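Q: I'm passing along data.txt; it holds compact mmCIF, C-alpha atoms (C1' of nucleotides).
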```txt
# COMPACT_ATOMS: atom_id res chain seq x y z
CA MET I 1 0.00 0.00 0.00
CA SER I 2 1.17 3.50 -0.79
CA ILE I 3 -0.17 6.88 0.24
CA GLY I 4 0.54 9.94 -1.89
CA TYR I 5 -0.41 13.46 -2.87
CA ALA I 6 -0.98 15.64 -5.91
CA CYS I 7 1.50 17.87 -7.71
CA ILE I 8 2.48 20.61 -5.27
CA ILE I 9 4.97 20.24 -2.45
CA GLU I 10 4.17 22.38 0.57
CA GLY I 11 6.58 23.58 3.21
CA VAL I 12 9.74 23.00 1.21
CA ASN I 13 11.95 25.76 -0.13
CA ASN I 14 12.42 26.20 -3.84
CA ILE I 15 10.22 23.47 -5.32
CA ARG I 16 7.57 25.24 -7.37
CA TYR I 17 6.26 24.73 -10.88
CA LYS I 18 5.94 27.76 -13.14
CA THR I 19 3.18 28.75 -15.51
CA VAL I 20 2.91 31.29 -18.28
CA LYS I 21 0.05 33.30 -19.62
CA LEU I 22 -0.79 32.98 -23.28
CA SER I 23 -0.09 36.67 -23.80
CA ASN I 24 3.52 36.19 -22.60
CA LEU I 25 4.17 32.96 -24.48
CA ASN I 26 7.11 32.68 -26.85
CA ASP I 27 9.63 29.94 -27.66
CA ASP I 28 12.31 31.16 -25.27
CA LYS I 29 9.84 31.60 -22.42
CA LEU I 30 8.42 28.16 -23.10
CA ARG I 31 11.84 26.52 -23.04
CA GLU I 32 12.70 28.33 -19.84
CA ILE I 33 9.53 27.05 -18.20
CA ILE I 34 9.82 23.48 -19.47
CA SER I 35 13.43 23.28 -18.20
CA HIS I 36 12.38 24.75 -14.88
CA ASN I 37 9.37 22.45 -14.54
CA LEU I 38 11.31 19.30 -15.42
CA SER I 39 13.95 20.24 -12.89
CA THR I 40 11.16 20.89 -10.38
CA LEU I 41 9.70 17.47 -11.16
CA GLU I 42 13.09 15.93 -10.50
CA LYS I 43 13.30 17.80 -7.19
CA ALA I 44 9.82 16.56 -6.31
CA ILE I 45 10.89 12.99 -7.05
CA ASP I 46 14.03 13.50 -4.95
CA TYR I 47 11.90 14.84 -2.13
CA ASN I 48 9.60 11.80 -2.36
CA ILE I 49 12.61 9.51 -2.31
CA SER I 50 14.01 11.25 0.77
CA LYS I 51 10.67 10.86 2.57
CA ASN I 52 9.93 7.40 1.22
CA ILE I 53 6.69 8.60 -0.40
CA LYS I 54 5.81 6.12 -3.15
CA LEU I 55 2.78 7.75 -4.78
CA TYR I 56 2.78 11.10 -6.56
CA ARG I 57 0.65 12.92 -9.14
CA ILE I 58 2.58 14.89 -11.75
CA THR I 59 1.11 18.25 -12.65
CA SER I 60 -0.66 18.56 -15.99
CA GLU I 61 0.99 21.97 -16.31
CA LEU I 62 4.42 20.40 -16.77
CA ILE I 63 4.49 21.57 -20.40
CA PRO I 64 2.30 24.69 -20.61
CA PHE I 65 -0.22 24.67 -23.47
CA ALA I 66 1.20 21.31 -24.56
CA SER I 67 -2.00 20.17 -26.21
CA THR I 68 -2.61 23.36 -28.19
CA ASP I 69 -1.39 24.87 -31.44
CA TYR I 70 0.27 27.66 -29.46
CA VAL I 71 3.25 25.37 -28.91
CA THR I 72 5.35 24.94 -32.01
CA ILE I 73 8.71 23.83 -30.60
CA ASN I 74 9.47 20.11 -30.66
CA TRP I 75 9.58 19.68 -26.90
CA VAL I 76 9.35 15.90 -27.17
CA GLU I 77 12.71 15.67 -28.90
CA GLU I 78 14.34 18.59 -27.10
CA TYR I 79 13.62 17.15 -23.66
CA ARG I 80 13.55 13.42 -24.42
CA ASP I 81 16.78 12.72 -22.53
CA TYR I 82 15.71 14.68 -19.48
CA PHE I 83 12.39 12.84 -19.33
CA LYS I 84 14.23 9.53 -19.53
CA LYS I 85 16.61 10.52 -16.73
CA ILE I 86 13.70 11.42 -14.44
CA GLY I 87 11.79 8.29 -15.46
CA ASP I 88 14.78 6.11 -14.59
CA LYS I 89 14.84 7.65 -11.14
CA ILE I 90 11.11 7.04 -10.70
CA LYS I 91 11.52 3.39 -11.67
CA LYS I 92 14.65 2.87 -9.61
CA HIS I 93 12.90 4.06 -6.46
CA ASN I 94 9.62 2.36 -7.24
CA ILE I 95 7.49 5.50 -7.14
CA LYS I 96 4.07 5.25 -8.76
CA VAL I 97 3.38 8.48 -10.62
CA SER I 98 0.12 9.43 -12.26
CA LEU I 99 -1.51 12.30 -14.10
CA HIS I 100 -4.95 13.87 -13.91
CA PRO I 101 -6.16 15.88 -16.91
CA GLY I 102 -8.35 18.74 -15.71
CA GLN I 103 -12.09 19.26 -15.68
CA TYR I 104 -11.97 20.98 -19.06
CA SER I 105 -10.86 17.89 -20.93
CA VAL I 106 -14.25 16.53 -21.85
CA LEU I 107 -14.02 13.39 -23.91
CA ASN I 108 -17.76 12.72 -24.05
CA SER I 109 -18.70 16.13 -25.46
CA PHE I 110 -20.99 16.39 -28.48
CA ASN I 111 -18.93 19.28 -29.78
CA GLU I 112 -16.29 17.95 -32.14
CA LYS I 113 -13.81 20.72 -31.28
CA VAL I 114 -14.09 19.95 -27.59
CA VAL I 115 -13.59 16.23 -28.23
CA ASN I 116 -10.54 16.90 -30.39
CA SER I 117 -8.90 19.04 -27.76
CA ALA I 118 -9.73 16.43 -25.10
CA ILE I 119 -8.09 13.77 -27.25
CA ARG I 120 -5.03 15.97 -27.79
CA ASP I 121 -4.84 16.58 -24.07
CA LEU I 122 -5.07 12.88 -23.25
CA GLU I 123 -2.41 12.10 -25.86
CA TYR I 124 -0.16 14.74 -24.27
CA HIS I 125 -0.59 13.18 -20.83
CA THR I 126 0.10 9.77 -22.35
CA LYS I 127 3.23 11.14 -24.02
CA VAL I 128 4.59 12.35 -20.68
CA LEU I 129 4.28 8.86 -19.18
CA ASP I 130 5.67 7.30 -22.37
CA LEU I 131 8.65 9.67 -22.37
CA LEU I 132 9.36 8.81 -18.76
CA GLY I 133 9.60 5.22 -19.98
CA LEU I 134 6.93 3.92 -17.61
CA ASP I 135 4.85 0.79 -18.20
CA PHE I 136 1.06 0.67 -18.48
CA SER I 137 0.50 0.44 -14.75
CA PHE I 138 1.23 4.19 -14.77
CA LYS I 139 -2.12 5.88 -15.37
CA MET I 140 -4.00 9.08 -16.07
CA VAL I 141 -7.30 9.70 -14.28
CA LEU I 142 -10.27 11.30 -16.04
CA HIS I 143 -13.87 12.17 -15.23
CA ILE I 144 -16.58 11.19 -17.71
CA GLY I 145 -17.73 14.72 -18.57
CA GLY I 146 -21.11 16.33 -19.16
CA ILE I 147 -24.64 14.92 -19.06
CA TYR I 148 -26.15 16.95 -21.96
CA PHE I 149 -29.73 16.25 -20.77
CA ASP I 150 -29.40 12.51 -21.45
CA LYS I 151 -27.06 10.52 -19.26
CA GLU I 152 -27.37 7.29 -21.24
CA LEU I 153 -26.51 9.02 -24.48
CA ALA I 154 -23.65 10.86 -22.74
CA ILE I 155 -22.25 7.54 -21.54
CA LYS I 156 -22.56 6.06 -25.03
CA ASN I 157 -20.67 9.06 -26.38
CA PHE I 158 -17.87 8.55 -23.86
CA ILE I 159 -17.51 4.95 -24.94
CA LYS I 160 -17.59 5.92 -28.61
CA ASN I 161 -14.98 8.66 -28.22
CA PHE I 162 -12.77 6.47 -26.05
CA GLU I 163 -12.20 4.40 -29.19
CA LEU I 164 -10.69 7.45 -30.90
CA LEU I 165 -7.71 7.40 -28.51
CA SER I 166 -4.37 5.84 -29.35
CA THR I 167 -3.62 2.37 -28.01
CA ASN I 168 -1.26 3.77 -25.42
CA ALA I 169 -3.76 6.36 -24.21
CA LYS I 170 -6.46 3.70 -23.92
CA ARG I 171 -4.15 1.52 -21.89
CA ARG I 172 -3.30 4.38 -19.54
CA LEU I 173 -6.77 5.82 -19.04
CA ILE I 174 -8.62 5.21 -15.78
CA ILE I 175 -11.89 6.86 -14.78
CA GLU I 176 -13.23 8.41 -11.59
CA ASN I 177 -16.67 9.15 -10.16
CA ASP I 178 -17.40 12.88 -9.90
CA ASP I 179 -19.37 15.00 -7.47
CA LYS I 180 -22.34 15.92 -9.61
CA SER I 181 -22.84 14.00 -12.84
CA PHE I 182 -21.56 10.44 -12.93
CA ASN I 183 -21.76 8.37 -9.76
CA ILE I 184 -19.77 5.29 -8.89
CA LEU I 185 -22.38 2.94 -10.31
CA ASP I 186 -22.28 4.79 -13.66
CA LEU I 187 -18.51 4.39 -13.60
CA LEU I 188 -18.70 0.65 -12.96
CA ARG I 189 -21.12 0.29 -15.88
CA ILE I 190 -18.85 2.28 -18.21
CA SER I 191 -15.89 0.24 -17.06
CA SER I 192 -17.67 -3.01 -17.86
CA GLU I 193 -18.11 -1.79 -21.45
CA ILE I 194 -14.60 -0.60 -22.16
CA ASN I 195 -12.64 -2.58 -19.61
CA ILE I 196 -10.67 0.16 -17.90
CA PRO I 197 -10.11 0.60 -14.15
CA VAL I 198 -12.26 2.74 -11.90
CA VAL I 199 -10.89 5.08 -9.24
CA TYR I 200 -13.24 5.39 -6.27
CA ASP I 201 -13.42 8.86 -4.73
CA ASN I 202 -15.05 8.81 -1.29
CA LEU I 203 -15.92 12.53 -1.10
CA HIS I 204 -17.48 12.57 -4.57
CA ASN I 205 -19.46 9.50 -3.63
CA SER I 206 -20.72 11.08 -0.46
CA ILE I 207 -21.96 14.11 -2.43
CA ASN I 208 -23.19 12.26 -5.51
CA SER I 209 -24.16 8.98 -3.94
CA VAL I 210 -25.95 5.93 -5.25
CA ASP I 211 -26.82 4.25 -2.00
CA ASP I 212 -25.75 5.53 1.39
CA SER I 213 -26.00 2.09 2.93
CA ILE I 214 -23.01 0.90 0.88
CA THR I 215 -19.73 1.68 2.63
CA ASP I 216 -16.50 3.02 1.15
CA PHE I 217 -14.97 -0.38 1.75
CA GLU I 218 -17.70 -2.11 -0.24
CA TRP I 219 -17.38 0.27 -3.17
CA ILE I 220 -13.61 -0.17 -3.15
CA LYS I 221 -14.06 -3.94 -3.26
CA LEU I 222 -16.43 -3.57 -6.22
CA CYS I 223 -13.97 -1.31 -8.04
CA SER I 224 -11.11 -3.71 -7.38
CA LYS I 225 -12.58 -6.05 -10.01
CA THR I 226 -11.92 -3.41 -12.69
CA TRP I 227 -8.18 -3.49 -11.97
CA LYS I 228 -6.37 -6.16 -13.99
CA LYS I 229 -2.86 -7.45 -13.42
CA ASP I 230 -1.23 -5.08 -15.94
CA ASP I 231 -2.97 -2.11 -14.36
CA GLY I 232 -0.91 -2.41 -11.22
CA ARG I 233 -2.24 -1.85 -7.73
CA GLN I 234 -5.77 -0.47 -7.36
CA LYS I 235 -5.94 3.24 -6.64
CA VAL I 236 -8.53 5.30 -4.77
CA HIS I 237 -8.85 9.00 -4.01
CA TYR I 238 -9.39 10.04 -0.42
CA SER I 239 -10.52 13.47 0.68
CA ILE I 240 -12.89 15.05 3.14
CA GLN I 241 -15.16 18.06 3.03
CA ALA I 242 -13.54 21.31 4.18
CA PRO I 243 -15.49 22.51 7.21
CA ASN I 244 -17.52 25.66 6.47
CA LYS I 245 -16.65 25.67 2.79
CA LYS I 246 -18.62 24.90 -0.35
CA ILE I 247 -19.78 21.32 -0.76
CA GLY I 248 -16.97 19.38 -2.41
CA SER I 249 -14.12 21.64 -1.30
CA HIS I 250 -11.13 19.71 -0.09
CA SER I 251 -10.03 20.20 3.51
CA GLU I 252 -6.84 21.99 4.51
CA THR I 253 -5.48 18.86 6.11
CA ILE I 254 -6.42 15.21 6.57
CA TYR I 255 -7.61 14.66 10.14
CA ILE I 256 -5.73 11.67 11.36
CA GLU I 257 -8.45 10.05 13.45
CA GLN I 258 -10.97 10.34 10.63
CA PHE I 259 -8.46 8.91 8.16
CA LEU I 260 -7.68 5.95 10.39
CA GLU I 261 -11.37 5.19 10.74
CA TYR I 262 -11.56 4.96 6.95
CA TYR I 263 -8.28 3.09 6.64
CA ASN I 264 -9.05 0.57 9.38
CA SER I 265 -12.37 -0.30 7.78
CA PHE I 266 -10.41 -1.91 4.94
CA ASP I 267 -9.16 -4.94 6.73
CA ASN I 268 -5.74 -4.93 5.06
CA LEU I 269 -6.68 -4.11 1.48
CA ASP I 270 -3.60 -3.54 -0.65
CA ILE I 271 -4.47 -0.30 -2.43
CA ASP I 272 -2.86 3.03 -3.29
CA ILE I 273 -4.48 6.03 -1.63
CA MET I 274 -4.13 9.40 -3.35
CA LEU I 275 -4.95 12.17 -0.90
CA GLU I 276 -6.64 15.26 -2.27
CA VAL I 277 -5.95 17.90 0.31
CA LYS I 278 -4.56 21.41 0.47
CA ASP I 279 -1.54 20.61 2.62
CA LYS I 280 -0.46 17.89 0.18
CA ASN I 281 2.78 16.09 1.19
CA ILE I 282 2.32 17.17 4.79
CA SER I 283 -0.86 15.11 5.13
CA ALA I 284 0.72 12.28 3.13
CA LEU I 285 3.57 12.04 5.63
CA LYS I 286 1.08 12.11 8.47
CA CYS I 287 -0.97 9.25 7.04
CA ILE I 288 2.13 7.24 6.15
CA ASN I 289 3.44 7.57 9.70
CA ALA I 290 0.06 6.67 11.14
CA THR I 291 -0.15 3.44 9.14
CA ARG I 292 3.47 2.28 8.99
CA LYS I 293 4.38 -1.15 10.26
CA ASN I 294 7.75 -0.06 11.59
CA LYS I 295 6.64 2.10 14.50
CA ASP I 296 9.82 3.89 15.47
CA ILE I 297 9.60 7.18 17.33
CA ARG I 298 12.40 8.55 15.16
CA TYR I 299 9.81 9.09 12.40
CA LEU I 300 7.86 11.37 14.73
CA GLU I 301 11.01 13.12 15.89
CA GLU I 302 11.88 13.84 12.27
CA GLU I 303 8.41 15.28 11.76
CA TRP I 304 8.67 17.29 14.96
CA SER I 305 11.88 18.94 13.77
CA LEU I 306 9.87 20.35 10.85
CA PHE I 307 6.85 21.41 12.88
CA LYS I 308 8.24 22.63 16.16
CA LEU I 309 8.98 26.27 15.37
CA TYR I 310 5.65 26.54 13.60
CA ILE I 311 3.91 25.23 16.71
CA LEU I 312 6.02 27.40 19.02
CA GLN I 313 4.84 30.61 17.33
CA LYS I 314 1.24 29.59 17.99
CA SER I 315 1.38 28.18 21.47
CA TYR I 316 4.24 27.62 23.86
CA LYS I 317 1.95 25.38 25.89
CA LYS I 318 1.30 23.01 22.97
CA TYR I 319 4.96 23.13 22.05
CA LYS I 320 5.94 21.89 25.50
CA LYS I 321 3.18 19.31 25.49
CA ILE I 322 4.25 17.77 22.17
CA SER I 323 7.93 17.85 23.15
CA LYS I 324 7.04 15.97 26.31
CA LEU I 325 4.98 13.47 24.36
CA LEU I 326 8.10 12.40 22.47
CA THR I 327 10.36 11.88 25.49
CA GLU I 328 9.50 8.22 26.04
CA LYS I 329 11.48 6.59 23.24
CA SER I 330 9.82 3.19 23.31
CA ASN I 331 6.39 4.68 22.58
CA TYR I 332 4.88 5.59 19.23
CA PRO I 333 2.15 8.12 20.12
CA VAL I 334 1.36 8.93 16.50
CA ILE I 335 -2.35 9.77 16.85
CA LYS I 336 -1.85 12.02 19.86
CA PHE I 337 1.13 13.70 18.16
CA TYR I 338 -0.70 14.66 14.98
CA THR I 339 -3.95 15.47 16.78
CA LEU I 340 -2.11 18.03 18.91
CA ILE I 341 -0.58 19.53 15.77
CA GLU I 342 -4.00 19.66 14.08
CA GLU I 343 -5.35 21.53 17.09
CA CYS I 344 -2.77 24.24 16.46
CA TYR I 345 -3.84 24.92 12.86
CA SER I 346 -6.84 26.91 13.92
CA LEU I 347 -4.94 28.92 16.53
CA LYS I 348 -3.91 32.43 15.65
CA VAL I 349 -0.25 33.27 16.15
CA ASN I 350 0.44 34.62 19.57
CA LYS I 351 2.78 37.59 19.92
CA LYS I 352 4.60 36.26 22.97
CA SER I 353 5.08 32.84 21.40
CA CYS I 354 6.17 34.46 18.14
CA ILE I 355 8.87 36.42 19.91
CA ARG I 356 10.01 33.21 21.54
CA SER I 357 10.13 31.51 18.13
CA ILE I 358 12.17 34.35 16.61
CA GLU I 359 14.65 34.15 19.49
CA GLU I 360 14.88 30.40 18.93
CA VAL I 361 15.63 30.87 15.21
CA TRP I 362 18.14 33.62 15.88
CA LYS I 363 19.98 31.38 18.34
CA GLN I 364 20.75 29.09 15.41
CA ILE I 365 21.82 31.89 13.06
CA LYS I 366 23.70 34.38 15.21
CA ASP I 367 27.04 32.57 15.24
CA TYR I 368 27.19 32.73 11.45
CA ALA I 369 25.83 36.23 10.96
CA LEU I 370 28.06 39.16 9.97
CA ASP I 371 28.04 42.30 12.12
CA ASN I 372 25.76 44.20 9.76
CA GLU I 373 23.35 41.25 9.68
CA LYS I 374 23.26 41.21 13.46
CA ILE I 375 22.47 44.93 13.49
CA ASN I 376 19.85 44.44 10.79
CA PHE I 377 18.22 41.67 12.71
CA GLU I 378 18.11 43.63 15.98
CA LYS I 379 16.56 46.60 14.19
CA LYS I 380 13.89 44.40 12.59
CA PHE I 381 13.23 42.56 15.83
CA ILE I 382 12.64 45.83 17.70
CA LYS I 383 10.35 47.01 14.92
CA TYR I 384 8.47 43.74 15.05
CA LYS I 385 7.99 44.04 18.81
CA LYS I 386 6.64 47.55 18.26
CA ASN I 387 4.26 46.21 15.57
CA GLU I 388 5.96 48.27 12.90
CA ILE I 389 6.75 45.32 10.65
CA SER I 390 4.94 42.04 10.08
CA LEU I 391 5.93 38.58 11.27
CA ASN I 392 6.40 37.56 7.63
CA ALA I 393 8.83 40.40 7.04
CA ILE I 394 11.13 39.24 9.82
CA LYS I 395 10.68 35.59 8.87
CA ASN I 396 11.73 36.34 5.32
CA TYR I 397 14.89 37.97 6.58
CA LEU I 398 15.66 35.02 8.83
CA LEU I 399 15.01 32.58 5.98
CA SER I 400 17.34 34.49 3.67
CA LEU I 401 20.10 34.20 6.29
CA SER I 402 19.32 30.50 6.84
CA LEU I 403 19.70 29.95 3.10
CA LYS I 404 22.89 32.02 2.94
CA TYR I 405 24.51 30.02 5.72
CA ASN I 406 22.85 26.79 4.64
CA ILE I 407 21.35 25.99 8.04
CA ASP I 408 19.41 22.91 7.03
CA ASN I 409 17.53 22.62 10.29
CA LEU I 410 15.95 26.02 9.64
CA ILE I 411 15.56 25.87 5.87
CA THR I 412 13.42 22.74 6.18
CA SER I 413 11.28 24.09 9.02
CA TYR I 414 7.60 24.60 8.17
CA TYR I 415 7.88 27.79 10.24
CA PHE I 416 8.96 29.76 7.19
CA TYR I 417 6.32 28.52 4.78
CA PHE I 418 3.02 28.79 6.66
C1' DT O 419 -23.57 35.66 -18.72
C1' DG O 420 -21.40 34.23 -14.54
C1' DA O 421 -20.07 30.54 -11.43
C1' DC O 422 -17.35 26.74 -10.95
C1' DG O 423 -11.81 25.18 -9.55
C1' DT O 424 -7.02 25.87 -9.67
C1' DC O 425 -2.75 28.30 -8.69
C1' DA O 426 0.94 31.09 -10.29
C1' DA O 427 1.68 35.50 -12.65
C1' DG O 428 0.95 40.08 -12.78
C1' DA O 429 -0.86 44.49 -11.18
C1' DT O 430 -1.44 47.78 -7.71
C1' DC O 431 -0.95 50.05 -3.51
C1' DC O 432 1.45 51.08 0.78
C1' DG O 433 5.29 52.61 3.65
C1' DC W 434 12.58 48.22 -2.54
C1' DG W 435 9.71 44.43 0.16
C1' DG W 436 5.37 43.09 1.45
C1' DA W 437 0.30 42.60 1.26
C1' DT W 438 -3.68 42.07 -1.38
C1' DC W 439 -6.33 41.86 -5.54
C1' DT W 440 -7.14 40.43 -10.24
C1' DT W 441 -6.31 37.65 -14.26
C1' DG W 442 -6.02 33.64 -17.09
C1' DA W 443 -7.49 29.18 -19.60
C1' DC W 444 -10.55 25.65 -20.08
C1' DG W 445 -16.20 23.55 -20.91
C1' DT W 446 -20.62 22.88 -18.74
C1' DC W 447 -24.65 24.27 -16.64
C1' DA W 448 -28.14 27.18 -14.51
```
Please express the file's structure as structure tokens.

A:
Amino acid sequence: MSIGYACIIEGVNNIRYKTVKLSNLNDDKLREIISHNLSTLEKAIDYNISKNIKLYRITSELIPFASTDYVTINWVEEYRDYFKKIGDKIKKHNIKVSLHPGQYSVLNSFNEKVVNSAIRDLEYHTKVLDLLGLDFSFKMVLHIGGIYFDKELAIKNFIKNFELLSTNAKRRLIIENDDKSFNILDLLRISSEINIPVVYDNLHNSINSVDDSITDFEWIKLCSKTWKKDDGRQKVHYSIQAPNKKIGSHSETIYIEQFLEYYNSFDNLDIDIMLEVKDKNISALKCINATRKNKDIRYLEEEWSLFKLYILQKSYKKYKKISKLLTEKSNYPVIKFYTLIEECYSLKVNKKSCIRSIEEVWKQIKDYALDNEKINFEKKFIKYKKNEISLNAIKNYLLSLSLKYNIDNLITSYYFYF
DNA sequence: TGACGTCAAGATCCG
DNA sequence: CGGATCTTGACGTCA
């Protein structure tokens, strides 16, 4: 079983994909962005390797406007070697990567133009996986599309247009239930016609449900039949409703107790769980640590080193409490640990605790800092205490010094990124 | 015609 | 100048 996250890496310095607006697009700009994005993808893979995260969704924005006529350079040939290098790394470390074309790729449309651009988009996503040199267990996930006043006809159109895809695209396509049009039963029916795997999304099912008496576990078991040997391990999407937001909005974080309730209902199913959540890799690490077989407190200590300054700025009391929780080295208090951290998310930063956190950071920088940097810091710190500059302003200065002096312990701290 | 969802880029304003 | 806060874009469907 693997647990993973989609596209963006949160809380890590200098891993960010770039985009470009059509009005600023030219060949040089495009090459600059493709090089940057491929190098960012490689960094993302390196990050996943370092954290032992085995499931990752690659952004569809890797090559901007890839499936349009606006791109005229031959990016496939220009970047073939780089793709292969990254793909080799993915294979070597056994990371399952996937892609998810967006909601505007509508294969079942009755508008020929829309269908053609959906096909082009799916062929682009297929090309990325092909260029990485990955076998057909590496997939792209798609929704069915629109209803057009007649669901049965819309389904027929999906099946018909599916046949227009290349062999490789057909072998890589998997389909997911959505939150308003096609429910999980529709998906199972479509799958039985065209023989491609179904991804079960629990949140979409709870919004657009067939039968509330059927549990997530039961639906996952039903979907498992659509996954053949060559398709690799069955995948599901897991997300929960964001409290107080629009129906269907993904939550900021995955709440560990709620996740474990879901996870423990499986009775040891061997599936891949793609989390759809705003805090991305941070929730993935949480869920991985909560479900790992090797329960060693060092995993929590490693996590704590990333969180502790962030927690300190919010509440000294919680900071002490979590520190104390980790003192008994034979324990593995994973649920308590993450629950305490989750409780801090909703807390506002507290001036006194913030000052403490700044002092703590400065302690680790001051021996490296030049005289003028020390003076600069003191000036900013006084201004911060007098509410003349923001917390972010002083954090940014401290981060720039951490980067300059390569203080890994600080650079990796979530303190600077949230 | 605007909302929907997504997230970085770009614009604008402030001190 | 840095920092904070809006607005824009690019897509197709649906009310």

Q: Neighbours of Leu306 of chain I within 7 Å (all atoms listed in the file; same-chain residues fewer than 4 positions away dropped), as a PDB file with C-alpha atoms, keeping the file's coordinate frame?

A:
```
ATOM      1  CA  GLU I 302      11.880  13.840  12.270  1.00  0.00           C
ATOM      2  CA  THR I 412      13.420  22.740   6.180  1.00  0.00           C
ATOM      3  CA  SER I 413      11.280  24.090   9.020  1.00  0.00           C
ATOM      4  CA  TYR I 414       7.600  24.600   8.170  1.00  0.00           C
TER       5      TYR I 414
END
```

Q: Where does chain W meet chain I within 9 Å, residue by residue, with the nearest atom pair and distance in Å to one decimal for each, counting all atoms listed in the file, listed by chain and rising number, as JSON lines?

A:
```
{"residue": "W:DG435", "atom": "C1'", "partner": "I:Ala393", "partner_atom": "CA", "distance": 8.0}
{"residue": "W:DG436", "atom": "C1'", "partner": "I:Ala393", "partner_atom": "CA", "distance": 7.1}
{"residue": "W:DG442", "atom": "C1'", "partner": "I:Lys21", "partner_atom": "CA", "distance": 6.6}
{"residue": "W:DA443", "atom": "C1'", "partner": "I:Leu22", "partner_atom": "CA", "distance": 8.5}
{"residue": "W:DC444", "atom": "C1'", "partner": "I:Tyr104", "partner_atom": "CA", "distance": 5.0}
{"residue": "W:DG445", "atom": "C1'", "partner": "I:Tyr104", "partner_atom": "CA", "distance": 5.3}
{"residue": "W:DT446", "atom": "C1'", "partner": "I:Gly146", "partner_atom": "CA", "distance": 6.6}
```

Q: Between I:Glu61, I:Asp69, I:Asp81, I:Glu252, which is the closest to chain O once you count all atoms listed in the file?

A: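 Among the listed residues, the smallest separation from chain O belongs to I:Glu61.
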
Q: Would you kindly report the residues of chain O within 9 Å of chain I, using only C-alpha atoms (C1' of nucleotides), as a ChimeraX atom specification?

A: /O:423,426-427

Q: At most 12 Å from (10.4, 10.5, 16.2), file frame, all atoms listed in the file: which residues, as a PyMOL selection string?

A: chain I and resi 289+294-307+322-334+337-338

Q: Those residues with C-alpha atoms, as a PDB file, in the coordinates of the input please?

A:
```pdb
ATOM      1  CA  ASN I 289       3.440   7.570   9.700  1.00  0.00           C
ATOM      2  CA  ASN I 294       7.750  -0.060  11.590  1.00  0.00           C
ATOM      3  CA  LYS I 295       6.640   2.100  14.500  1.00  0.00           C
ATOM      4  CA  ASP I 296       9.820   3.890  15.470  1.00  0.00           C
ATOM      5  CA  ILE I 297       9.600   7.180  17.330  1.00  0.00           C
ATOM      6  CA  ARG I 298      12.400   8.550  15.160  1.00  0.00           C
ATOM      7  CA  TYR I 299       9.810   9.090  12.400  1.00  0.00           C
ATOM      8  CA  LEU I 300       7.860  11.370  14.730  1.00  0.00           C
ATOM      9  CA  GLU I 301      11.010  13.120  15.890  1.00  0.00           C
ATOM     10  CA  GLU I 302      11.880  13.840  12.270  1.00  0.00           C
ATOM     11  CA  GLU I 303       8.410  15.280  11.760  1.00  0.00           C
ATOM     12  CA  TRP I 304       8.670  17.290  14.960  1.00  0.00           C
ATOM     13  CA  SER I 305      11.880  18.940  13.770  1.00  0.00           C
ATOM     14  CA  LEU I 306       9.870  20.350  10.850  1.00  0.00           C
ATOM     15  CA  PHE I 307       6.850  21.410  12.880  1.00  0.00           C
ATOM     16  CA  ILE I 322       4.250  17.770  22.170  1.00  0.00           C
ATOM     17  CA  SER I 323       7.930  17.850  23.150  1.00  0.00           C
ATOM     18  CA  LYS I 324       7.040  15.970  26.310  1.00  0.00           C
ATOM     19  CA  LEU I 325       4.980  13.470  24.360  1.00  0.00           C
ATOM     20  CA  LEU I 326       8.100  12.400  22.470  1.00  0.00           C
ATOM     21  CA  THR I 327      10.360  11.880  25.490  1.00  0.00           C
ATOM     22  CA  GLU I 328       9.500   8.220  26.040  1.00  0.00           C
ATOM     23  CA  LYS I 329      11.480   6.590  23.240  1.00  0.00           C
ATOM     24  CA  SER I 330       9.820   3.190  23.310  1.00  0.00           C
ATOM     25  CA  ASN I 331       6.390   4.680  22.580  1.00  0.00           C
ATOM     26  CA  TYR I 332       4.880   5.590  19.230  1.00  0.00           C
ATOM     27  CA  PRO I 333       2.150   8.120  20.120  1.00  0.00           C
ATOM     28  CA  VAL I 334       1.360   8.930  16.500  1.00  0.00           C
ATOM     29  CA  PHE I 337       1.130  13.700  18.160  1.00  0.00           C
ATOM     30  CA  TYR I 338      -0.700  14.660  14.980  1.00  0.00           C
TER      31      TYR I 338
END
```

Q: For atom CA of Arg233 of chain I and atom CA of Thr126 of chain I, determine how far apart the two atoms are, in Å to one decimal place.

A: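 Taking atom CA of Arg233 of chain I and atom CA of Thr126 of chain I, their separation equals 18.8 Å.
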
Q: Interatomic distance between atom CA of Val199 of chain I and atom CA of Lys235 of chain I?

A: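 If I compute the distance from atom CA of Val199 of chain I to atom CA of Lys235 of chain I, I get 5.9 Å.
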
Q: One number please: atom CA of Leu347 of chain I to atom CA of Ile53 of chain I, in Å, one decimal.

A: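 If I compute the distance from atom CA of Leu347 of chain I to atom CA of Ile53 of chain I, I get 28.9 Å.
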
Q: Which is closer to Tyr415 of chain I than all the others in I:Ile90, I:Ile95, I:Val12, I:Cys223, using only C-alpha atoms?

A: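 That would be I:Val12, the residue with the smallest distance to Tyr415 of chain I.
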
Q: If we count only C-alpha atoms (C1' of nucleotides), what is near His93 of chain I at a cut-off of 9 Å, once residues fewer than 2 positions away on the same chain are taken out, given as a PyMOL selection string?

A: chain I and resi 49+52+54+88-91+95

Q: Quick one: residues within 12 Å of DC439 of chain W, only C-alpha atoms (C1' of nucleotides), excluding same-chain residues fewer than 5 positions away - as a PyMOL selection string?

A: chain O and resi 428-431

Q: Let me make sure I understand: among I:Glu42, I:Gln234, I:Phe266, I:Ile282, which one has the smallest atom-to-atom distance to Asp216 of chain I if we use only C-alpha atoms?

A: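 So, comparing all the options, the nearest one is I:Phe266.
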